[in-house]
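Below: entry.cif (mmCIF, C-alpha atoms)
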```cif
data_input
#
loop_
_atom_site.group_PDB
_atom_site.id
_atom_site.type_symbol
_atom_site.label_atom_id
_atom_site.label_comp_id
_atom_site.auth_asym_id
_atom_site.auth_seq_id
_atom_site.Cartn_x
_atom_site.Cartn_y
_atom_site.Cartn_z
ATOM 1 C CA MET A 58 80.402 29.228 39.587
ATOM 2 C CA VAL A 59 79.095 29.281 43.161
ATOM 3 C CA LYS A 60 80.277 32.884 43.629
ATOM 4 C CA PHE A 61 78.563 33.908 40.397
ATOM 5 C CA PHE A 62 75.312 32.257 41.526
ATOM 6 C CA MET A 63 75.509 33.998 44.926
ATOM 7 C CA MET A 64 76.126 37.355 43.247
ATOM 8 C CA MET A 65 73.128 36.891 40.955
ATOM 9 C CA CYS A 66 70.908 36.039 43.932
ATOM 10 C CA ALA A 67 72.102 39.171 45.745
ATOM 11 C CA VAL A 68 71.378 41.324 42.690
ATOM 12 C CA LEU A 69 67.878 39.872 42.370
ATOM 13 C CA ILE A 70 67.161 40.462 46.063
ATOM 14 C CA ILE A 71 68.384 44.053 45.885
ATOM 15 C CA CYS A 72 66.324 44.713 42.732
ATOM 16 C CA GLY A 73 63.271 43.173 44.366
ATOM 17 C CA CYS A 74 63.690 45.311 47.464
ATOM 18 C CA ALA A 75 64.167 48.440 45.367
ATOM 19 C CA ALA A 76 60.804 48.031 43.590
ATOM 20 C CA LYS A 77 58.425 50.764 44.668
ATOM 21 C CA THR A 78 55.236 49.734 46.445
ATOM 22 C CA SER A 79 52.386 52.093 47.194
ATOM 23 C CA TYR A 80 48.917 51.939 48.695
ATOM 24 C CA ILE A 81 45.818 52.369 46.558
ATOM 25 C CA ASN A 82 43.103 54.807 47.586
ATOM 26 C CA LYS A 83 39.964 53.001 46.465
ATOM 27 C CA ASP A 84 37.996 56.244 46.486
ATOM 28 C CA ASP A 85 40.477 57.940 44.143
ATOM 29 C CA ASP A 86 42.209 55.171 42.186
ATOM 30 C CA LYS A 87 43.839 56.706 39.143
ATOM 31 C CA GLY A 88 45.290 53.412 37.947
ATOM 32 C CA LYS A 89 44.693 52.774 34.260
ATOM 33 C CA ALA A 90 41.818 50.608 33.172
ATOM 34 C CA VAL A 91 42.534 46.996 32.232
ATOM 35 C CA LEU A 92 40.680 44.581 29.946
ATOM 36 C CA SER A 93 40.443 42.008 32.708
ATOM 37 C CA LEU A 94 38.029 42.431 35.599
ATOM 38 C CA ASP A 95 39.506 44.183 38.636
ATOM 39 C CA TYR A 96 38.222 45.220 42.058
ATOM 40 C CA ARG A 97 36.715 48.428 40.642
ATOM 41 C CA ASP A 98 34.541 46.421 38.269
ATOM 42 C CA PHE A 99 33.362 44.070 41.001
ATOM 43 C CA ASP A 100 32.642 46.892 43.455
ATOM 44 C CA THR A 101 30.652 48.792 40.841
ATOM 45 C CA ALA A 102 28.732 45.713 39.677
ATOM 46 C CA ILE A 103 27.844 44.508 43.186
ATOM 47 C CA ASP A 104 26.742 48.005 44.234
ATOM 48 C CA GLU A 105 24.531 48.306 41.141
ATOM 49 C CA ILE A 106 23.044 44.840 41.612
ATOM 50 C CA MET A 107 22.358 45.312 45.312
ATOM 51 C CA THR A 108 20.876 48.789 44.831
ATOM 52 C CA SER A 109 18.495 47.287 42.271
ATOM 53 C CA LEU A 110 17.515 44.511 44.681
ATOM 54 C CA LEU A 111 17.233 46.489 47.911
ATOM 55 C CA GLU A 112 15.316 49.371 46.355
ATOM 56 C CA SER A 113 12.941 47.093 44.428
ATOM 57 C CA GLY A 114 10.822 46.374 47.516
ATOM 58 C CA ILE A 115 10.768 42.697 46.575
ATOM 59 C CA LEU A 116 12.234 41.698 49.965
ATOM 60 C CA ALA A 117 9.342 43.236 51.931
ATOM 61 C CA LYS A 118 7.237 40.360 53.295
ATOM 62 C CA GLU A 119 3.503 40.889 53.574
ATOM 63 C CA ASP A 120 3.495 39.884 57.250
ATOM 64 C CA GLY A 121 6.246 42.381 58.063
ATOM 65 C CA GLY A 122 8.802 39.657 58.847
ATOM 66 C CA LYS A 123 12.100 38.895 57.134
ATOM 67 C CA PHE A 124 12.947 36.381 54.477
ATOM 68 C CA VAL A 125 15.582 33.834 55.471
ATOM 69 C CA VAL A 126 18.205 33.658 52.730
ATOM 70 C CA VAL A 127 20.742 31.006 51.788
ATOM 71 C CA THR A 128 23.547 31.772 49.357
ATOM 72 C CA GLY A 129 24.694 29.406 46.663
ATOM 73 C CA GLU A 130 27.435 29.764 44.099
ATOM 74 C CA ILE A 131 28.340 32.400 41.535
ATOM 75 C CA LEU A 132 29.574 30.394 38.550
ATOM 76 C CA ASN A 133 32.605 31.704 36.699
ATOM 77 C CA ASP A 134 32.224 31.174 32.957
ATOM 78 C CA THR A 135 35.099 33.432 31.917
ATOM 79 C CA THR A 136 38.718 32.853 30.931
ATOM 80 C CA GLN A 137 39.874 34.486 34.181
ATOM 81 C CA ARG A 138 40.438 33.048 37.623
ATOM 82 C CA ILE A 139 37.878 34.762 39.853
ATOM 83 C CA ASP A 140 37.208 34.110 43.523
ATOM 84 C CA THR A 141 33.431 33.987 43.236
ATOM 85 C CA ARG A 142 33.056 33.156 46.925
ATOM 86 C CA GLN A 143 34.468 36.606 47.656
ATOM 87 C CA LEU A 144 31.859 38.147 45.359
ATOM 88 C CA MET A 145 29.022 36.321 47.104
ATOM 89 C CA SER A 146 30.473 37.455 50.423
ATOM 90 C CA SER A 147 30.012 41.063 49.255
ATOM 91 C CA VAL A 148 26.391 40.271 48.391
ATOM 92 C CA GLU A 149 25.864 38.709 51.832
ATOM 93 C CA GLU A 150 27.413 41.704 53.569
ATOM 94 C CA GLN A 151 25.110 44.163 51.829
ATOM 95 C CA LEU A 152 22.068 41.962 52.447
ATOM 96 C CA LEU A 153 22.818 41.751 56.171
ATOM 97 C CA THR A 154 23.657 45.441 56.466
ATOM 98 C CA SER A 155 20.329 46.339 54.842
ATOM 99 C CA GLY A 156 18.449 44.686 57.705
ATOM 100 C CA GLN A 157 15.891 43.378 55.200
ATOM 101 C CA VAL A 158 16.750 39.672 55.445
ATOM 102 C CA ASP A 159 18.305 37.072 57.710
ATOM 103 C CA ILE A 160 20.980 34.766 56.278
ATOM 104 C CA THR A 161 21.375 31.159 57.360
ATOM 105 C CA SER A 162 24.814 29.641 57.854
ATOM 106 C CA ALA A 163 23.383 26.159 58.365
ATOM 107 C CA ILE A 164 23.515 25.297 54.644
ATOM 108 C CA GLY A 165 24.702 26.819 51.392
ATOM 109 C CA SER A 166 28.042 27.904 49.981
ATOM 110 C CA ALA A 167 29.036 29.652 53.222
ATOM 111 C CA ALA A 168 27.769 26.972 55.591
ATOM 112 C CA ASP A 169 29.384 26.937 59.025
ATOM 113 C CA ASP A 170 30.467 23.371 59.916
ATOM 114 C CA MET A 171 30.147 24.230 63.600
ATOM 115 C CA VAL A 172 26.348 24.272 63.255
ATOM 116 C CA ASP A 173 26.430 20.504 62.624
ATOM 117 C CA HIS A 174 29.310 19.832 65.014
ATOM 118 C CA ALA A 175 27.467 21.555 67.852
ATOM 119 C CA ARG A 176 24.530 19.204 67.331
ATOM 120 C CA GLU A 177 26.815 16.173 67.519
ATOM 121 C CA LEU A 178 27.456 17.156 71.131
ATOM 122 C CA ARG A 179 23.996 15.844 72.012
ATOM 123 C CA ASN A 180 25.542 12.347 72.041
ATOM 124 C CA SER A 181 28.220 13.402 74.514
ATOM 125 C CA GLY A 182 27.683 13.160 78.246
ATOM 126 C CA GLU A 183 30.158 15.965 78.878
ATOM 127 C CA PHE A 184 27.906 18.971 78.187
ATOM 128 C CA LYS A 185 24.996 20.372 80.153
ATOM 129 C CA THR A 186 21.776 19.494 78.343
ATOM 130 C CA GLU A 187 20.330 22.990 78.695
ATOM 131 C CA THR A 188 23.331 24.466 76.847
ATOM 132 C CA LEU A 189 23.001 22.182 73.809
ATOM 133 C CA ALA A 190 21.300 23.277 70.590
ATOM 134 C CA PRO A 191 17.765 21.841 70.730
ATOM 135 C CA LYS A 192 16.179 19.809 67.950
ATOM 136 C CA ASN A 193 13.795 21.498 65.509
ATOM 137 C CA ALA A 194 15.365 24.906 66.226
ATOM 138 C CA MET A 195 16.992 25.726 62.888
ATOM 139 C CA ILE A 196 15.072 27.847 60.414
ATOM 140 C CA ALA A 197 14.879 26.761 56.784
ATOM 141 C CA PRO A 198 15.558 29.372 54.092
ATOM 142 C CA ASP A 199 12.855 31.038 52.016
ATOM 143 C CA LEU A 200 15.099 32.339 49.235
ATOM 144 C CA SER A 201 18.299 31.188 47.575
ATOM 145 C CA PHE A 202 20.735 33.573 45.868
ATOM 146 C CA SER A 203 23.047 32.385 43.108
ATOM 147 C CA GLY A 204 24.665 33.907 40.062
ATOM 148 C CA LYS A 205 26.941 33.699 37.079
ATOM 149 C CA ILE A 206 29.699 35.698 35.386
ATOM 150 C CA PHE A 207 30.405 35.218 31.691
ATOM 151 C CA GLU A 208 32.288 37.052 28.993
ATOM 152 C CA ARG A 209 32.033 37.648 25.272
ATOM 153 C CA VAL A 210 34.928 38.875 23.111
ATOM 154 C CA VAL A 211 34.283 40.828 19.903
ATOM 155 C CA TYR A 212 37.153 41.550 17.507
ATOM 156 C CA TYR A 213 36.801 44.799 15.543
ATOM 157 C CA ASP A 214 39.970 44.432 13.527
ATOM 158 C CA LYS A 215 43.489 43.061 13.903
ATOM 159 C CA LYS A 216 44.380 45.647 16.544
ATOM 160 C CA SER A 217 41.349 46.080 18.793
ATOM 161 C CA LYS A 218 38.815 43.965 20.642
ATOM 162 C CA GLN A 219 35.870 44.526 22.937
ATOM 163 C CA VAL A 220 35.348 42.389 26.019
ATOM 164 C CA GLU A 221 31.805 42.207 27.388
ATOM 165 C CA TYR A 222 31.292 40.918 30.900
ATOM 166 C CA TYR A 223 27.879 39.992 32.274
ATOM 167 C CA ILE A 224 27.358 39.539 36.015
ATOM 168 C CA GLN A 225 24.019 38.016 37.038
ATOM 169 C CA LEU A 226 22.375 37.560 40.426
ATOM 170 C CA ILE A 227 19.277 35.394 40.777
ATOM 171 C CA ALA A 228 16.916 34.855 43.719
ATOM 172 C CA THR A 229 14.845 31.671 43.783
ATOM 173 C CA ASP A 230 11.862 30.821 45.993
ATOM 174 C CA ILE A 231 12.995 27.646 47.781
ATOM 175 C CA LYS A 232 9.490 26.301 48.391
ATOM 176 C CA THR A 233 8.227 26.614 44.834
ATOM 177 C CA GLY A 234 11.468 26.661 42.842
ATOM 178 C CA LEU A 235 10.155 29.691 40.964
ATOM 179 C CA ARG A 236 12.429 32.562 39.948
ATOM 180 C CA PHE A 237 11.800 35.297 42.547
ATOM 181 C CA TRP A 238 14.021 38.068 41.173
ATOM 182 C CA GLN A 239 16.895 38.531 38.729
ATOM 183 C CA THR A 240 19.166 41.253 37.422
ATOM 184 C CA GLN A 241 22.242 41.538 35.237
ATOM 185 C CA VAL A 242 25.009 44.120 35.020
ATOM 186 C CA GLN A 243 27.190 44.634 31.946
ATOM 187 C CA ILE A 244 30.823 45.737 32.047
ATOM 188 C CA LEU A 245 32.125 46.675 28.589
ATOM 189 C CA LYS A 246 35.797 47.303 27.756
ATOM 190 C CA ARG A 247 37.829 47.949 24.614
ATOM 191 C CA GLY A 248 41.530 47.488 24.136
ATOM 192 C CA SER A 249 44.340 45.928 22.162
ATOM 193 C CA THR A 250 44.089 42.409 20.796
ATOM 194 C CA LYS A 251 47.542 41.849 22.274
ATOM 195 C CA THR A 252 46.256 42.324 25.824
ATOM 196 C CA PRO A 253 45.613 38.938 27.453
ATOM 197 C CA LEU A 254 42.591 38.297 29.697
ATOM 198 C CA TRP A 255 43.937 36.937 32.993
#
```

As structure tokens - that is how I would like this structure written.
Amino acid sequence: MVKFFMMMCAVLIICGCAAKTSYINKDDDKGKAVLSLDYRDFDTAIDEIMTSLLESGILAKEDGGKFVVVTGEILNDTTQRIDTRQLMSSVEEQLLTSGQVDITSAIGSAADDMVDHARELRNSGEFKTETLAPKNAMIAPDLSFSGKIFERVVYYDKKSKQVEYYIQLIATDIKTGLRFWQTQVQILKRGSTKTPLW
């Protein structure tokens, strides 16, 4: 029995090692489309959303300065497991690269704990006072970005279904709480009712 178990393990290892692995060229990915959301969908949606935002002119302050932005959460209201923090990271990257805003790491979904920890050093006698972060130095955000992803499934017949994904990004004026800007991208797919969404 032990020999049989060892042989089965060896066969599984050999089969696993024999499986072909290849790199994906994101610029020329010929992999078939899937009903679930994949990296191509997210890349396309984020690019479309950010193009809409950055070309809208809404981020141009009247005084010529930059808005300070804090990022919140993108809520996942789908049947799939989605790392929404990764999506917001893509939004942050494009915002920073645009040069149109500054992003705070003092608060929000991507807050850096070291901002607070560095200020706790004020109570220590081990650090030179002039090297410590001064009080009243942090800058509060002007705008908050958050979002949501949700899906809707439509069944045409017993064999086919349509899955509609909606990805929203919302900017809110922190001082007033008023909606500053909003857009939504749709991703529509059709496939077999037998194909699971995961």

### Message
Between A:Asp120, A:Thr128, A:Thr186, A:Leu144, which residue has the minimum interatomic distance to A:Tyr96, considering all atoms listed in the file?
### Response
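Closest residue, counting all atoms listed in the file: A:Leu144.
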
#### Entry: Result set of the PyMOL selection byres ((chain A and resi 93) around 12) on the coordinates above, as a PyMOL selection string
chain A and resi 89-92+94-99+135-139+208+210+219-222+244-249+252-255

### Task
Find the spatial neighbours of A:Gln239, counting all atoms listed in the file, within a cut-off of 9 Å - ignore same-chain residues fewer than 6 positions away - and output them as a list of chain:residue names.
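My list of contacting residues is A:Leu110, A:Gln225, A:Leu226, A:Ile227, A:Ala228, A:Thr229.
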
### Task
Can you work out the spacing between atom CA of A:Phe207 and atom CA of A:Val125 in Å, to one decimal?
28.1 Å

### Query
Taking all atoms listed in the file into account, which of A:Thr108, A:Thr240, A:Ser201, A:Thr101 comes nearest A:Ile164?
A:Ser201

### Message
Just checking: using all atoms listed in the file, which residue out of A:Ile115, A:Gly121, A:Asp100, A:Asp199 ends up closest to A:Gln143?
### Response
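Distance minimum relative to A:Gln143 lands on A:Asp100.
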
### Query
So which residues get picked by the PyMOL selection byres ((chain A and resi 231) around 10) here, written as a PyMOL selection string?
chain A and resi 126-127+197-202+228-230+232-237

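Note that the spacing between atom CA of A:Leu132 and atom CA of A:Ile160 amounts to 20.2 Å.
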
### Message
From the options A:Val211, A:Ala163, A:Ala168, A:Ile224, which residue's atoms come nearest to A:Ala194, counting only C-alpha atoms?
### Response
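So, comparing all the options, the nearest one is A:Ala163.
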
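We find atom CA of A:Arg142 and atom CA of A:Gly129 to be spaced 9.2 Å apart.
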
### Message
I need the residue nearest A:Glu149 from this list: A:Leu189, A:Ala167, A:Ala117, A:Ile196. Use only C-alpha atoms for the distance.
### Response
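Among the listed residues, A:Ala167 lies closest to A:Glu149.
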
Build an axis-aligned box that encloses every atom of stretch 195-204 of chain A listed in the file, pad it by 5 Å on each side, and report its centre and edge lengths in Å to one decimal, as AutoDock Vina command-line options.
```
--center_x 18.8 --center_y 29.8 --center_z 51.5 --size_x 21.8 --size_y 18.2 --size_z 32.8
```

#### Entry: Exercise: A:Glu130 partners within 8 Å, only C-alpha atoms, chain neighbours under 4 positions left out, as a VMD selection string
chain A and resid 141 to 142 145 166 202 to 204

### Query
Hey, which of A:Thr250, A:Lys205, A:Ala190, A:Gly88 ends up closest to A:Met171? Count only C-alpha atoms.
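Of A:Thr250, A:Lys205, A:Ala190, A:Gly88, the one nearest A:Met171 is A:Ala190, counting only C-alpha atoms.
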
### Task
Using the chain letters and numbering of this document, enumerate as a VMD selection string the residues selected by the PyMOL selection byres ((chain A and resi 188) around 12).
chain A and resid 175 to 176 178 to 179 183 to 187 189 to 191

### Message
Quick one: residues within 9 Å of A:Gln157, all atoms listed in the file, excluding same-chain residues fewer than 4 positions away - as a count of residues only?
### Response
8

Any chance you could export stretch 88-129 of chain A with N, CA and C atoms, as a PDB file, in the first residue's frame?
```pdb
ATOM      1  N   GLY A  88      -5.721  34.877 -25.832  1.00  0.00           N
ATOM      2  CA  GLY A  88      -6.493  33.947 -25.016  1.00  0.00           C
ATOM      3  C   GLY A  88      -7.980  34.201 -25.200  1.00  0.00           C
ATOM      4  N   LYS A  89      -8.770  33.146 -25.148  1.00  0.00           N
ATOM      5  CA  LYS A  89     -10.207  33.299 -25.393  1.00  0.00           C
ATOM      6  C   LYS A  89     -10.879  34.100 -24.285  1.00  0.00           C
ATOM      7  N   ALA A  90     -11.933  34.759 -24.651  1.00  0.00           N
ATOM      8  CA  ALA A  90     -12.688  35.560 -23.695  1.00  0.00           C
ATOM      9  C   ALA A  90     -13.392  34.650 -22.695  1.00  0.00           C
ATOM     10  N   VAL A  91     -13.572  35.144 -21.483  1.00  0.00           N
ATOM     11  CA  VAL A  91     -14.253  34.395 -20.435  1.00  0.00           C
ATOM     12  C   VAL A  91     -15.424  35.222 -19.910  1.00  0.00           C
ATOM     13  N   LEU A  92     -16.410  34.569 -19.311  1.00  0.00           N
ATOM     14  CA  LEU A  92     -17.560  35.293 -18.774  1.00  0.00           C
ATOM     15  C   LEU A  92     -17.204  36.071 -17.512  1.00  0.00           C
ATOM     16  N   SER A  93     -16.241  35.560 -16.770  1.00  0.00           N
ATOM     17  CA  SER A  93     -15.792  36.268 -15.576  1.00  0.00           C
ATOM     18  C   SER A  93     -14.955  37.475 -15.992  1.00  0.00           C
ATOM     19  N   LEU A  94     -14.697  38.356 -15.047  1.00  0.00           N
ATOM     20  CA  LEU A  94     -13.827  39.497 -15.311  1.00  0.00           C
ATOM     21  C   LEU A  94     -12.371  39.044 -15.239  1.00  0.00           C
ATOM     22  N   ASP A  95     -11.552  39.467 -16.205  1.00  0.00           N
ATOM     23  CA  ASP A  95     -10.131  39.161 -16.147  1.00  0.00           C
ATOM     24  C   ASP A  95      -9.332  40.451 -16.283  1.00  0.00           C
ATOM     25  N   TYR A  96      -8.004  40.331 -16.316  1.00  0.00           N
ATOM     26  CA  TYR A  96      -7.159  41.524 -16.293  1.00  0.00           C
ATOM     27  C   TYR A  96      -7.439  42.427 -17.489  1.00  0.00           C
ATOM     28  N   ARG A  97      -7.811  41.852 -18.625  1.00  0.00           N
ATOM     29  CA  ARG A  97      -8.098  42.663 -19.813  1.00  0.00           C
ATOM     30  C   ARG A  97      -9.289  43.583 -19.567  1.00  0.00           C
ATOM     31  N   ASP A  98     -10.305  43.050 -18.891  1.00  0.00           N
ATOM     32  CA  ASP A  98     -11.480  43.857 -18.581  1.00  0.00           C
ATOM     33  C   ASP A  98     -11.136  45.006 -17.645  1.00  0.00           C
ATOM     34  N   PHE A  99     -10.351  44.692 -16.604  1.00  0.00           N
ATOM     35  CA  PHE A  99      -9.985  45.725 -15.638  1.00  0.00           C
ATOM     36  C   PHE A  99      -9.101  46.785 -16.267  1.00  0.00           C
ATOM     37  N   ASP A 100      -8.130  46.374 -17.071  1.00  0.00           N
ATOM     38  CA  ASP A 100      -7.248  47.336 -17.739  1.00  0.00           C
ATOM     39  C   ASP A 100      -8.051  48.269 -18.639  1.00  0.00           C
ATOM     40  N   THR A 101      -8.954  47.686 -19.411  1.00  0.00           N
ATOM     41  CA  THR A 101      -9.773  48.482 -20.331  1.00  0.00           C
ATOM     42  C   THR A 101     -10.673  49.440 -19.566  1.00  0.00           C
ATOM     43  N   ALA A 102     -11.320  48.937 -18.515  1.00  0.00           N
ATOM     44  CA  ALA A 102     -12.252  49.767 -17.738  1.00  0.00           C
ATOM     45  C   ALA A 102     -11.525  50.915 -17.040  1.00  0.00           C
ATOM     46  N   ILE A 103     -10.399  50.614 -16.388  1.00  0.00           N
ATOM     47  CA  ILE A 103      -9.658  51.667 -15.685  1.00  0.00           C
ATOM     48  C   ILE A 103      -9.141  52.711 -16.665  1.00  0.00           C
ATOM     49  N   ASP A 104      -8.630  52.270 -17.813  1.00  0.00           N
ATOM     50  CA  ASP A 104      -8.148  53.225 -18.821  1.00  0.00           C
ATOM     51  C   ASP A 104      -9.280  54.138 -19.295  1.00  0.00           C
ATOM     52  N   GLU A 105     -10.453  53.550 -19.538  1.00  0.00           N
ATOM     53  CA  GLU A 105     -11.596  54.343 -20.005  1.00  0.00           C
ATOM     54  C   GLU A 105     -12.061  55.334 -18.941  1.00  0.00           C
ATOM     55  N   ILE A 106     -12.126  54.863 -17.706  1.00  0.00           N
ATOM     56  CA  ILE A 106     -12.549  55.722 -16.593  1.00  0.00           C
ATOM     57  C   ILE A 106     -11.567  56.869 -16.394  1.00  0.00           C
ATOM     58  N   MET A 107     -10.273  56.545 -16.372  1.00  0.00           N
ATOM     59  CA  MET A 107      -9.279  57.578 -16.099  1.00  0.00           C
ATOM     60  C   MET A 107      -9.134  58.554 -17.257  1.00  0.00           C
ATOM     61  N   THR A 108      -9.303  58.093 -18.484  1.00  0.00           N
ATOM     62  CA  THR A 108      -9.288  59.007 -19.632  1.00  0.00           C
ATOM     63  C   THR A 108     -10.432  60.001 -19.511  1.00  0.00           C
ATOM     64  N   SER A 109     -11.616  59.496 -19.139  1.00  0.00           N
ATOM     65  CA  SER A 109     -12.776  60.362 -18.944  1.00  0.00           C
ATOM     66  C   SER A 109     -12.500  61.412 -17.878  1.00  0.00           C
ATOM     67  N   LEU A 110     -11.903  60.996 -16.772  1.00  0.00           N
ATOM     68  CA  LEU A 110     -11.620  61.916 -15.668  1.00  0.00           C
ATOM     69  C   LEU A 110     -10.543  62.931 -16.035  1.00  0.00           C
ATOM     70  N   LEU A 111      -9.408  62.444 -16.518  1.00  0.00           N
ATOM     71  CA  LEU A 111      -8.256  63.318 -16.736  1.00  0.00           C
ATOM     72  C   LEU A 111      -8.456  64.278 -17.898  1.00  0.00           C
ATOM     73  N   GLU A 112      -9.294  63.895 -18.859  1.00  0.00           N
ATOM     74  CA  GLU A 112      -9.539  64.784 -19.992  1.00  0.00           C
ATOM     75  C   GLU A 112     -10.753  65.684 -19.780  1.00  0.00           C
ATOM     76  N   SER A 113     -11.449  65.501 -18.658  1.00  0.00           N
ATOM     77  CA  SER A 113     -12.650  66.298 -18.390  1.00  0.00           C
ATOM     78  C   SER A 113     -12.315  67.726 -17.976  1.00  0.00           C
ATOM     79  N   GLY A 114     -11.100  67.932 -17.447  1.00  0.00           N
ATOM     80  CA  GLY A 114     -10.709  69.252 -16.961  1.00  0.00           C
ATOM     81  C   GLY A 114     -11.215  69.546 -15.567  1.00  0.00           C
ATOM     82  N   ILE A 115     -11.934  68.601 -14.983  1.00  0.00           N
ATOM     83  CA  ILE A 115     -12.540  68.812 -13.665  1.00  0.00           C
ATOM     84  C   ILE A 115     -11.492  68.948 -12.551  1.00  0.00           C
ATOM     85  N   LEU A 116     -10.285  68.410 -12.788  1.00  0.00           N
ATOM     86  CA  LEU A 116      -9.243  68.457 -11.757  1.00  0.00           C
ATOM     87  C   LEU A 116      -8.399  69.734 -11.807  1.00  0.00           C
ATOM     88  N   ALA A 117      -8.723  70.639 -12.724  1.00  0.00           N
ATOM     89  CA  ALA A 117      -7.983  71.901 -12.828  1.00  0.00           C
ATOM     90  C   ALA A 117      -8.534  72.892 -11.802  1.00  0.00           C
ATOM     91  N   LYS A 118      -7.731  73.218 -10.785  1.00  0.00           N
ATOM     92  CA  LYS A 118      -8.168  74.180  -9.772  1.00  0.00           C
ATOM     93  C   LYS A 118      -8.064  75.599 -10.321  1.00  0.00           C
ATOM     94  N   GLU A 119      -8.958  76.448  -9.866  1.00  0.00           N
ATOM     95  CA  GLU A 119      -8.978  77.829 -10.344  1.00  0.00           C
ATOM     96  C   GLU A 119      -7.702  78.581  -9.979  1.00  0.00           C
ATOM     97  N   ASP A 120      -7.108  78.246  -8.841  1.00  0.00           N
ATOM     98  CA  ASP A 120      -5.897  78.960  -8.408  1.00  0.00           C
ATOM     99  C   ASP A 120      -4.625  78.367  -9.013  1.00  0.00           C
ATOM    100  N   GLY A 121      -4.782  77.355  -9.858  1.00  0.00           N
ATOM    101  CA  GLY A 121      -3.621  76.747 -10.502  1.00  0.00           C
ATOM    102  C   GLY A 121      -2.926  75.684  -9.671  1.00  0.00           C
ATOM    103  N   GLY A 122      -3.394  75.455  -8.440  1.00  0.00           N
ATOM    104  CA  GLY A 122      -2.794  74.438  -7.577  1.00  0.00           C
ATOM    105  C   GLY A 122      -3.333  73.046  -7.899  1.00  0.00           C
ATOM    106  N   LYS A 123      -3.037  72.110  -6.993  1.00  0.00           N
ATOM    107  CA  LYS A 123      -3.490  70.730  -7.174  1.00  0.00           C
ATOM    108  C   LYS A 123      -4.441  70.328  -6.057  1.00  0.00           C
ATOM    109  N   PHE A 124      -5.435  69.559  -6.425  1.00  0.00           N
ATOM    110  CA  PHE A 124      -6.292  68.950  -5.418  1.00  0.00           C
ATOM    111  C   PHE A 124      -5.494  67.875  -4.684  1.00  0.00           C
ATOM    112  N   VAL A 125      -5.751  67.752  -3.380  1.00  0.00           N
ATOM    113  CA  VAL A 125      -5.202  66.643  -2.605  1.00  0.00           C
ATOM    114  C   VAL A 125      -6.287  65.582  -2.526  1.00  0.00           C
ATOM    115  N   VAL A 126      -5.931  64.370  -2.926  1.00  0.00           N
ATOM    116  CA  VAL A 126      -6.899  63.276  -3.062  1.00  0.00           C
ATOM    117  C   VAL A 126      -6.631  62.190  -2.028  1.00  0.00           C
ATOM    118  N   VAL A 127      -7.713  61.636  -1.491  1.00  0.00           N
ATOM    119  CA  VAL A 127      -7.631  60.437  -0.662  1.00  0.00           C
ATOM    120  C   VAL A 127      -8.462  59.360  -1.352  1.00  0.00           C
ATOM    121  N   THR A 128      -7.995  58.127  -1.302  1.00  0.00           N
ATOM    122  CA  THR A 128      -8.741  57.045  -1.938  1.00  0.00           C
ATOM    123  C   THR A 128      -9.421  56.173  -0.901  1.00  0.00           C
ATOM    124  N   GLY A 129     -10.659  55.853  -1.194  1.00  0.00           N
ATOM    125  CA  GLY A 129     -11.441  54.976  -0.324  1.00  0.00           C
ATOM    126  C   GLY A 129     -11.487  53.578  -0.902  1.00  0.00           C
TER     127      GLY A 129
END
```
